[in-house]
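Data first, discussion second: the structure below is written as structure tokens.
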Amino acid sequence: MANCGDLLRAAADPLVVDLGYGATPVTTIELRARLAAVRPDVRVIGLEIDPARVAAAAAATDPPWLEFRRGGFELAGHRPVLVRALNVLRQYDESEVPAAWRTMTGALASGGLLVEGTCDELGRLASWVTLDATGPRWLTLAARLGTLPRPATLAERLPKALIHHNVPGTGVHALLAALDGAWQAAAAYAAFGARQRWLRSVAALRESGWPVLDRPARWRLGEVTIAWPAVAP
Ligand SMILES: C[S@@+](CC[C@H](N)C(=O)[O-])C[C@H]1O[C@@H](n2cnc3c(N)ncnc32)[C@H](O)[C@@H]1O
């Protein structure tokens with residue numbers, strides 16, 4: 001959510017929803033702590049469709065800063081400036097993604113953003129789509145570089161909208177192939193560490209014409225963000 005900082009700082013009502021937080025509210029608690037560094041008066045609401053999970057999170061409630069309620073894609077009537085839905089749509093059929101996206105983005109505050117994606121259990125591989133009221137705007141790939149075998153590994157954790165489209169002839173397949181090729185070509189940089197190798201790889205990706213939207217400060221963290229039209233199925 002790094003590129004959502006300006007939005008959160010400027011929000012009239014700094015309300016954020018973590019949709020589908022899961023069996024324990026630990027990631028929602030962490031999200032609130034991280035966002036409070038950007039906007040100290042941020043309020044985070046964890047929404048869950050499973051009432052047992054809402055009840056289980058009650059002990060972590062810290063109103064008005066952190067609350068847990070029952071809710072789904074309609075966001076329970078809230079109008080947040082930011083929504084995170086991580087590892088939620090992966091459980092759904094791909095055909096359900098567009099409607100879920102529309103329902104969530106339709107509930108956002110004016111100018112708000114939805115971050116929807118997938119990660120592995122340890123959070124070492126992740127990818128997410130960022131959407132506004134007009135639809136998907138960009139795709140971000142993120143990896144813990146010290147444990148990344150090669151960029152193509154990120155294919156395992158693509159967002160639901162893309163994971164079934166990673167076949168030759170598609171944008172997302174071409175992206176992963178280009179990043180993987182750049183990683184191979186940057187093998188000599190491995191001597192300086194995986195971070196230097198990734199930095200060189202993303203720079204090469206951009207030099208070859210891919211619409212890379214973010215800057216080296218994010219690449220250093222193992223991220224790269226691409227304009228959505230380049231990968232749209
Ligand atoms: C795999 S867990 C993800 C937990 C957490 N977000 C994470 O990434 O670790 C998915 C959660 O989404 C919830 N869920 C599924 N569909 C939902 C919906 N439409 N609205 C809210 N929560 C939903 C499930 O109950 C489940 O707890």
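Chain identifiers are assigned as A, B, and so on, following the order in which chains appear in the structure tokens; residues are numbered from 1 within each chain, and ligands are numbered from 1 in order of appearance.
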
Compile the contact shell of region 126-139 of chain A as a short mmCIF file (atom, residue, chain, number, x, y, z; two decimals) with all heavy atoms, in the first residue's frame: residues with an atom at most 8 Å away, counting only C-alpha atoms, same-chain residues fewer than 5 positions apart removed.
```cif
data_model
loop_
_atom_site.label_atom_id
_atom_site.label_comp_id
_atom_site.auth_asym_id
_atom_site.auth_seq_id
_atom_site.Cartn_x
_atom_site.Cartn_y
_atom_site.Cartn_z
N TRP A 101 -14.94 -6.90 -7.44
CA TRP A 101 -14.20 -5.64 -7.59
C TRP A 101 -15.17 -4.46 -7.67
O TRP A 101 -14.98 -3.46 -6.99
CB TRP A 101 -13.37 -5.66 -8.88
CG TRP A 101 -12.06 -6.38 -8.79
CD1 TRP A 101 -11.49 -6.97 -7.69
CD2 TRP A 101 -11.14 -6.57 -9.88
NE1 TRP A 101 -10.28 -7.52 -8.05
CE2 TRP A 101 -10.04 -7.29 -9.36
CE3 TRP A 101 -11.13 -6.22 -11.23
CZ2 TRP A 101 -8.95 -7.64 -10.17
CZ3 TRP A 101 -10.05 -6.56 -12.03
CH2 TRP A 101 -8.96 -7.28 -11.49
N ARG A 102 -16.21 -4.60 -8.50
CA ARG A 102 -17.15 -3.49 -8.68
C ARG A 102 -17.86 -3.15 -7.37
O ARG A 102 -18.05 -1.99 -7.04
CB ARG A 102 -18.20 -3.84 -9.75
CG ARG A 102 -17.79 -3.50 -11.18
CD ARG A 102 -18.97 -3.52 -12.11
NE ARG A 102 -19.71 -4.77 -12.08
CZ ARG A 102 -19.39 -5.87 -12.78
NH1 ARG A 102 -18.33 -5.85 -13.57
NH2 ARG A 102 -20.12 -6.96 -12.70
N THR A 105 -15.19 -1.41 -5.04
CA THR A 105 -14.80 -0.06 -5.47
C THR A 105 -16.00 0.89 -5.44
O THR A 105 -15.84 2.09 -5.21
CB THR A 105 -14.16 -0.06 -6.88
OG1 THR A 105 -15.06 -0.68 -7.80
CG2 THR A 105 -12.84 -0.79 -6.88
N GLY A 106 -17.20 0.34 -5.62
CA GLY A 106 -18.40 1.17 -5.55
C GLY A 106 -18.69 1.67 -4.15
O GLY A 106 -19.45 2.62 -3.97
N LEU A 108 -16.22 2.62 -2.06
CA LEU A 108 -15.11 3.46 -1.59
C LEU A 108 -15.53 4.92 -1.45
O LEU A 108 -16.42 5.39 -2.16
CB LEU A 108 -13.96 3.40 -2.61
CG LEU A 108 -13.18 2.09 -2.74
CD1 LEU A 108 -12.27 2.15 -3.97
CD2 LEU A 108 -12.36 1.84 -1.47
N GLY A 111 -12.35 9.00 -4.60
CA GLY A 111 -10.90 8.96 -4.78
C GLY A 111 -10.23 7.79 -4.10
O GLY A 111 -9.00 7.68 -4.12
N GLY A 112 -11.02 6.90 -3.48
CA GLY A 112 -10.46 5.79 -2.72
C GLY A 112 -9.84 4.71 -3.58
O GLY A 112 -10.04 4.65 -4.80
N LEU A 113 -9.09 3.81 -2.94
CA LEU A 113 -8.42 2.73 -3.65
C LEU A 113 -8.69 1.38 -2.97
O LEU A 113 -8.81 1.30 -1.75
CB LEU A 113 -6.90 2.96 -3.67
CG LEU A 113 -6.39 4.14 -4.50
CD1 LEU A 113 -4.89 4.33 -4.27
CD2 LEU A 113 -6.68 3.95 -5.99
N LEU A 114 -8.73 0.36 -3.81
CA LEU A 114 -8.83 -1.03 -3.35
C LEU A 114 -7.52 -1.74 -3.70
O LEU A 114 -7.05 -1.65 -4.85
CB LEU A 114 -10.00 -1.73 -4.06
CG LEU A 114 -10.01 -3.27 -4.03
CD1 LEU A 114 -10.22 -3.80 -2.62
CD2 LEU A 114 -11.11 -3.81 -4.96
N VAL A 115 -6.96 -2.45 -2.73
CA VAL A 115 -5.77 -3.28 -2.96
C VAL A 115 -6.20 -4.72 -2.78
O VAL A 115 -6.58 -5.14 -1.69
CB VAL A 115 -4.65 -2.90 -1.96
CG1 VAL A 115 -3.46 -3.84 -2.11
CG2 VAL A 115 -4.22 -1.45 -2.18
N GLU A 116 -6.17 -5.49 -3.88
CA GLU A 116 -6.69 -6.86 -3.86
C GLU A 116 -5.63 -7.81 -4.39
O GLU A 116 -5.15 -7.64 -5.51
CB GLU A 116 -7.98 -6.94 -4.71
CG GLU A 116 -8.70 -8.26 -4.64
CD GLU A 116 -8.14 -9.32 -5.60
OE1 GLU A 116 -8.03 -9.03 -6.81
OE2 GLU A 116 -7.78 -10.41 -5.11
N GLY A 117 -5.24 -8.79 -3.57
CA GLY A 117 -4.18 -9.66 -4.05
C GLY A 117 -4.03 -10.94 -3.27
O GLY A 117 -4.90 -11.35 -2.51
N THR A 118 -2.88 -11.55 -3.48
CA THR A 118 -2.58 -12.89 -2.97
C THR A 118 -1.14 -12.92 -2.48
O THR A 118 -0.28 -12.27 -3.08
CB THR A 118 -2.74 -13.92 -4.13
OG1 THR A 118 -4.08 -13.86 -4.61
CG2 THR A 118 -2.43 -15.33 -3.67
N CYS A 119 -0.89 -13.67 -1.41
CA CYS A 119 0.50 -13.87 -0.99
C CYS A 119 0.68 -15.31 -0.50
O CYS A 119 -0.31 -16.04 -0.34
CB CYS A 119 0.92 -12.88 0.09
SG CYS A 119 0.14 -13.12 1.69
N ASP A 120 1.92 -15.70 -0.27
CA ASP A 120 2.14 -17.03 0.29
C ASP A 120 2.02 -16.96 1.82
O ASP A 120 1.86 -15.88 2.39
CB ASP A 120 3.48 -17.63 -0.16
CG ASP A 120 4.67 -16.90 0.43
OD1 ASP A 120 4.50 -15.78 0.95
OD2 ASP A 120 5.79 -17.44 0.36
N LEU A 154 6.97 -15.92 -8.78
CA LEU A 154 5.81 -15.11 -8.40
C LEU A 154 4.53 -15.58 -9.10
O LEU A 154 3.43 -15.24 -8.67
CB LEU A 154 6.09 -13.64 -8.72
CG LEU A 154 7.00 -12.95 -7.70
CD1 LEU A 154 7.73 -11.76 -8.31
CD2 LEU A 154 6.19 -12.53 -6.49
N ARG A 157 1.67 -16.94 -7.03
CA ARG A 157 0.88 -16.08 -6.15
C ARG A 157 0.34 -14.86 -6.88
O ARG A 157 0.28 -13.77 -6.31
CB ARG A 157 1.72 -15.65 -4.94
CG ARG A 157 2.29 -16.81 -4.17
CD ARG A 157 1.22 -17.64 -3.47
NE ARG A 157 1.77 -18.92 -3.02
CZ ARG A 157 1.18 -19.69 -2.12
NH1 ARG A 157 0.02 -19.34 -1.59
NH2 ARG A 157 1.72 -20.83 -1.77
N LEU A 158 -0.06 -15.05 -8.11
CA LEU A 158 -0.70 -13.95 -8.84
C LEU A 158 -2.12 -13.75 -8.33
O LEU A 158 -2.75 -14.70 -7.83
CB LEU A 158 -0.74 -14.28 -10.34
CG LEU A 158 0.59 -14.19 -11.07
CD1 LEU A 158 0.45 -14.76 -12.49
CD2 LEU A 158 1.11 -12.76 -11.11
N PRO A 159 -2.67 -12.54 -8.45
CA PRO A 159 -4.07 -12.33 -8.08
C PRO A 159 -4.99 -13.23 -8.91
O PRO A 159 -4.65 -13.65 -10.02
CB PRO A 159 -4.31 -10.86 -8.43
CG PRO A 159 -2.97 -10.25 -8.54
CD PRO A 159 -2.04 -11.34 -8.98
N THR A 225 5.96 -2.25 -9.92
CA THR A 225 4.56 -1.94 -10.22
C THR A 225 4.43 -1.59 -11.70
O THR A 225 5.19 -0.77 -12.23
CB THR A 225 4.07 -0.78 -9.32
OG1 THR A 225 4.05 -1.24 -7.97
CG2 THR A 225 2.66 -0.35 -9.70
N ILE A 226 3.46 -2.24 -12.33
CA ILE A 226 3.27 -2.15 -13.79
C ILE A 226 1.86 -1.61 -14.08
O ILE A 226 0.90 -2.00 -13.41
CB ILE A 226 3.36 -3.57 -14.41
CG1 ILE A 226 4.68 -4.25 -14.03
CG2 ILE A 226 3.16 -3.56 -15.92
CD1 ILE A 226 5.90 -3.73 -14.72
N ALA A 227 1.74 -0.77 -15.08
CA ALA A 227 0.42 -0.27 -15.48
C ALA A 227 -0.47 -1.45 -15.90
O ALA A 227 -0.03 -2.32 -16.66
CB ALA A 227 0.57 0.73 -16.62
N TRP A 228 -1.69 -1.46 -15.42
CA TRP A 228 -2.59 -2.60 -15.62
C TRP A 228 -2.82 -2.95 -17.11
O TRP A 228 -2.86 -4.15 -17.45
CB TRP A 228 -3.93 -2.33 -14.93
CG TRP A 228 -4.91 -3.44 -15.12
CD1 TRP A 228 -5.99 -3.45 -15.97
CD2 TRP A 228 -4.90 -4.74 -14.50
NE1 TRP A 228 -6.66 -4.64 -15.90
CE2 TRP A 228 -6.01 -5.45 -15.00
CE3 TRP A 228 -4.05 -5.36 -13.56
CZ2 TRP A 228 -6.29 -6.77 -14.60
CZ3 TRP A 228 -4.34 -6.66 -13.16
CH2 TRP A 228 -5.44 -7.34 -13.68
N PRO A 229 -2.98 -1.99 -18.01
CA PRO A 229 -3.27 -2.39 -19.40
C PRO A 229 -2.22 -3.34 -19.99
O PRO A 229 -2.54 -4.13 -20.88
CB PRO A 229 -3.30 -1.06 -20.15
CG PRO A 229 -3.69 -0.06 -19.10
CD PRO A 229 -3.03 -0.52 -17.83
N VAL A 231 -0.95 -5.89 -18.63
CA VAL A 231 -1.14 -7.27 -18.16
C VAL A 231 -2.61 -7.69 -18.15
O VAL A 231 -2.93 -8.84 -17.82
CB VAL A 231 -0.55 -7.49 -16.75
CG1 VAL A 231 0.96 -7.34 -16.78
CG2 VAL A 231 -1.16 -6.55 -15.73
#
```

TODO: Residues up to 6 Å from ligand 1, counting only C-alpha atoms and all ligand atoms: could you list those as a ChimeraX atom specification?
DONE: /A:19-23,47-50,71-73,86-88

Open item on the list: List the spatial neighbours of region 12-17 of chain A as a ChimeraX atom specification - criterion: any atom at most 12 Å away, only C-alpha atoms, same-chain residues fewer than 6 positions off excluded.
Closed with: /A:1,4-6,27-29,31-32,34-36,38-48,64-86,104-105,107-116

Based on the selection just made, write C-alpha atoms of those residues as a short mmCIF file (atom, residue, chain, number, x, y, z; two decimals), in the first residue's frame.
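Now in part_27.cif:
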```cif
data_model
loop_
_atom_site.label_atom_id
_atom_site.label_comp_id
_atom_site.auth_asym_id
_atom_site.auth_seq_id
_atom_site.Cartn_x
_atom_site.Cartn_y
_atom_site.Cartn_z
CA MET A 1 0.00 0.00 0.00
CA CYS A 4 -1.57 4.93 -1.06
CA GLY A 5 0.24 7.13 1.48
CA ASP A 6 -0.69 10.47 -0.09
CA THR A 27 -2.68 -8.83 10.04
CA THR A 28 -5.33 -6.18 10.72
CA ILE A 29 -3.58 -5.16 13.94
CA LEU A 31 -1.98 -2.90 9.25
CA ARG A 32 -3.34 -0.36 11.75
CA ARG A 34 1.79 0.56 10.03
CA LEU A 35 -0.80 3.01 8.71
CA ALA A 36 -0.74 4.99 11.97
CA VAL A 38 1.49 7.63 8.04
CA ARG A 39 -1.73 9.00 9.51
CA PRO A 40 -1.91 8.76 13.33
CA ASP A 41 -5.71 9.13 13.46
CA VAL A 42 -6.33 6.31 10.97
CA ARG A 43 -9.25 4.01 11.87
CA VAL A 44 -9.12 0.42 10.65
CA ILE A 45 -12.15 -1.85 10.51
CA GLY A 46 -11.63 -5.56 9.95
CA LEU A 47 -14.58 -7.10 8.13
CA GLU A 48 -15.24 -10.83 8.00
CA PRO A 64 -12.35 3.87 17.53
CA TRP A 65 -8.94 2.98 16.07
CA LEU A 66 -9.43 -0.73 15.49
CA GLU A 67 -12.74 -2.60 15.23
CA PHE A 68 -13.98 -5.90 13.87
CA ARG A 69 -17.38 -6.40 12.30
CA ARG A 70 -19.31 -8.73 10.06
CA GLY A 71 -19.30 -7.71 6.42
CA GLY A 72 -18.60 -8.68 2.83
CA PHE A 73 -17.76 -7.02 -0.48
CA GLU A 74 -20.39 -4.31 0.12
CA LEU A 75 -18.18 -3.20 3.08
CA ALA A 76 -21.10 -3.19 5.55
CA GLY A 77 -22.13 0.33 4.59
CA HIS A 78 -18.73 1.91 5.35
CA ARG A 79 -17.11 4.37 2.92
CA PRO A 80 -13.38 3.78 3.44
CA VAL A 81 -10.65 5.60 1.60
CA LEU A 82 -8.67 2.35 1.37
CA VAL A 83 -9.62 -1.31 1.29
CA ARG A 84 -7.23 -4.22 1.52
CA ALA A 85 -8.55 -7.64 0.52
CA LEU A 86 -5.67 -10.10 0.69
CA MET A 104 -15.89 -3.01 -3.34
CA THR A 105 -14.80 -0.06 -5.47
CA ALA A 107 -18.33 1.42 -1.75
CA LEU A 108 -15.11 3.46 -1.59
CA ALA A 109 -14.99 7.09 -0.53
CA SER A 110 -14.41 9.50 -3.40
CA GLY A 111 -10.90 8.96 -4.78
CA GLY A 112 -10.46 5.79 -2.72
CA LEU A 113 -8.42 2.73 -3.65
CA LEU A 114 -8.83 -1.03 -3.35
CA VAL A 115 -5.77 -3.28 -2.96
CA GLU A 116 -6.69 -6.86 -3.86
#
```

Task: Backbone-only DSSP, strand (DSSP E or B) members of region 11-134 of chain A, as a PyMOL selection string - done: chain A and resi 15-19+43-48+62+66-70+82-86+113-119+125-132

Next, dump the selected residues to file, keeping only C-alpha atoms, as a PDB file, in the first residue's frame.
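Wrote out38.pdb, looks like this:
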```
ATOM      1  CA  LEU A  15     -11.024   5.057   7.402  1.00  0.00           C
ATOM      2  CA  VAL A  16      -9.457   1.818   6.105  1.00  0.00           C
ATOM      3  CA  VAL A  17     -11.083  -1.604   5.768  1.00  0.00           C
ATOM      4  CA  ASP A  18      -9.225  -4.917   5.946  1.00  0.00           C
ATOM      5  CA  LEU A  19     -11.658  -7.282   4.263  1.00  0.00           C
ATOM      6  CA  ARG A  43      -9.248   4.011  11.874  1.00  0.00           C
ATOM      7  CA  VAL A  44      -9.119   0.424  10.652  1.00  0.00           C
ATOM      8  CA  ILE A  45     -12.145  -1.853  10.514  1.00  0.00           C
ATOM      9  CA  GLY A  46     -11.629  -5.556   9.945  1.00  0.00           C
ATOM     10  CA  LEU A  47     -14.576  -7.098   8.125  1.00  0.00           C
ATOM     11  CA  GLU A  48     -15.236 -10.830   8.000  1.00  0.00           C
ATOM     12  CA  ASP A  62      -9.492  -0.850  20.337  1.00  0.00           C
ATOM     13  CA  LEU A  66      -9.434  -0.731  15.492  1.00  0.00           C
ATOM     14  CA  GLU A  67     -12.738  -2.599  15.234  1.00  0.00           C
ATOM     15  CA  PHE A  68     -13.980  -5.901  13.866  1.00  0.00           C
ATOM     16  CA  ARG A  69     -17.381  -6.402  12.301  1.00  0.00           C
ATOM     17  CA  ARG A  70     -19.310  -8.729  10.061  1.00  0.00           C
ATOM     18  CA  LEU A  82      -8.667   2.353   1.367  1.00  0.00           C
ATOM     19  CA  VAL A  83      -9.618  -1.315   1.295  1.00  0.00           C
ATOM     20  CA  ARG A  84      -7.227  -4.224   1.524  1.00  0.00           C
ATOM     21  CA  ALA A  85      -8.550  -7.643   0.521  1.00  0.00           C
ATOM     22  CA  LEU A  86      -5.669 -10.095   0.686  1.00  0.00           C
ATOM     23  CA  LEU A 113      -8.416   2.727  -3.652  1.00  0.00           C
ATOM     24  CA  LEU A 114      -8.825  -1.033  -3.348  1.00  0.00           C
ATOM     25  CA  VAL A 115      -5.767  -3.276  -2.961  1.00  0.00           C
ATOM     26  CA  GLU A 116      -6.690  -6.865  -3.855  1.00  0.00           C
ATOM     27  CA  GLY A 117      -4.175  -9.656  -4.046  1.00  0.00           C
ATOM     28  CA  THR A 118      -2.583 -12.891  -2.970  1.00  0.00           C
ATOM     29  CA  CYS A 119       0.500 -13.872  -0.991  1.00  0.00           C
ATOM     30  CA  LEU A 125       5.800 -13.800  -2.403  1.00  0.00           C
ATOM     31  CA  ALA A 126       2.926 -11.430  -3.080  1.00  0.00           C
ATOM     32  CA  SER A 127       1.100  -9.632  -5.832  1.00  0.00           C
ATOM     33  CA  TRP A 128      -1.813  -7.288  -5.850  1.00  0.00           C
ATOM     34  CA  VAL A 129      -3.986  -5.206  -8.116  1.00  0.00           C
ATOM     35  CA  THR A 130      -4.767  -1.625  -7.115  1.00  0.00           C
ATOM     36  CA  LEU A 131      -8.121  -0.362  -8.301  1.00  0.00           C
ATOM     37  CA  ASP A 132     -10.068   2.880  -8.143  1.00  0.00           C
TER      38      ASP A 132
END
```

TODO: Determine, counting only C-alpha atoms, which protein, DNA and RNA residues have an atom within 12 Å of an atom of Ala174 (chain A); residues of the same chain fewer than 6 positions away are not included. Present the result as a PyMOL selection string.
DONE: chain A and resi 152+155+165-168+180-181+205+210+230-233

Open item on the list: So the first atom is CA of Pro149 (chain A) and the second is CA of Val97 (chain A); what is the distance between them in Å, to one decimal place?
Closed with: 29.6 Å

Task: Residue set, region 29-200 of chain A restricted to helix (DSSP H, G or I), as number ranges by chain - done: A: 29-36, 51-56, 58-60, 75-77, 89-91, 94-106, 145-147, 151-157, 160-163, 171-185, 187-192, 194-200

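Pairwise distance (CA of Ala59 (chain A), CA of Glu121 (chain A)) equals 23.9 Å.
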
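Across the model, the gap from CA of Val202 (chain A) to CA of Leu179 (chain A) is 7.0 Å.
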
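Proximity of A:Gly146, A:Gly193, A:Pro151, A:Gly222 to Leu176 (chain A), computed with only C-alpha atoms, is greatest for A:Pro151.
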
TODO: Please identify all polymer residues within 8 Å of Ala57 (chain A), counting only C-alpha atoms, omitting same-chain residues fewer than 4 positions from it, and present them as number ranges by chain.
DONE: A: 24-25, 53, 61, 68

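Shortest atom-to-atom contact with Ala178 (chain A) among A:Arg150, A:Arg90, A:Arg218, A:Arg144: A:Arg150, counting only C-alpha atoms.
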
Open item on the list: Restricting the calculation to only C-alpha atoms: of A:Leu148, A:Ala58, A:Leu141, A:Ala190, which residue gets closest to Val172 (chain A)?
Closed with: A:Leu141
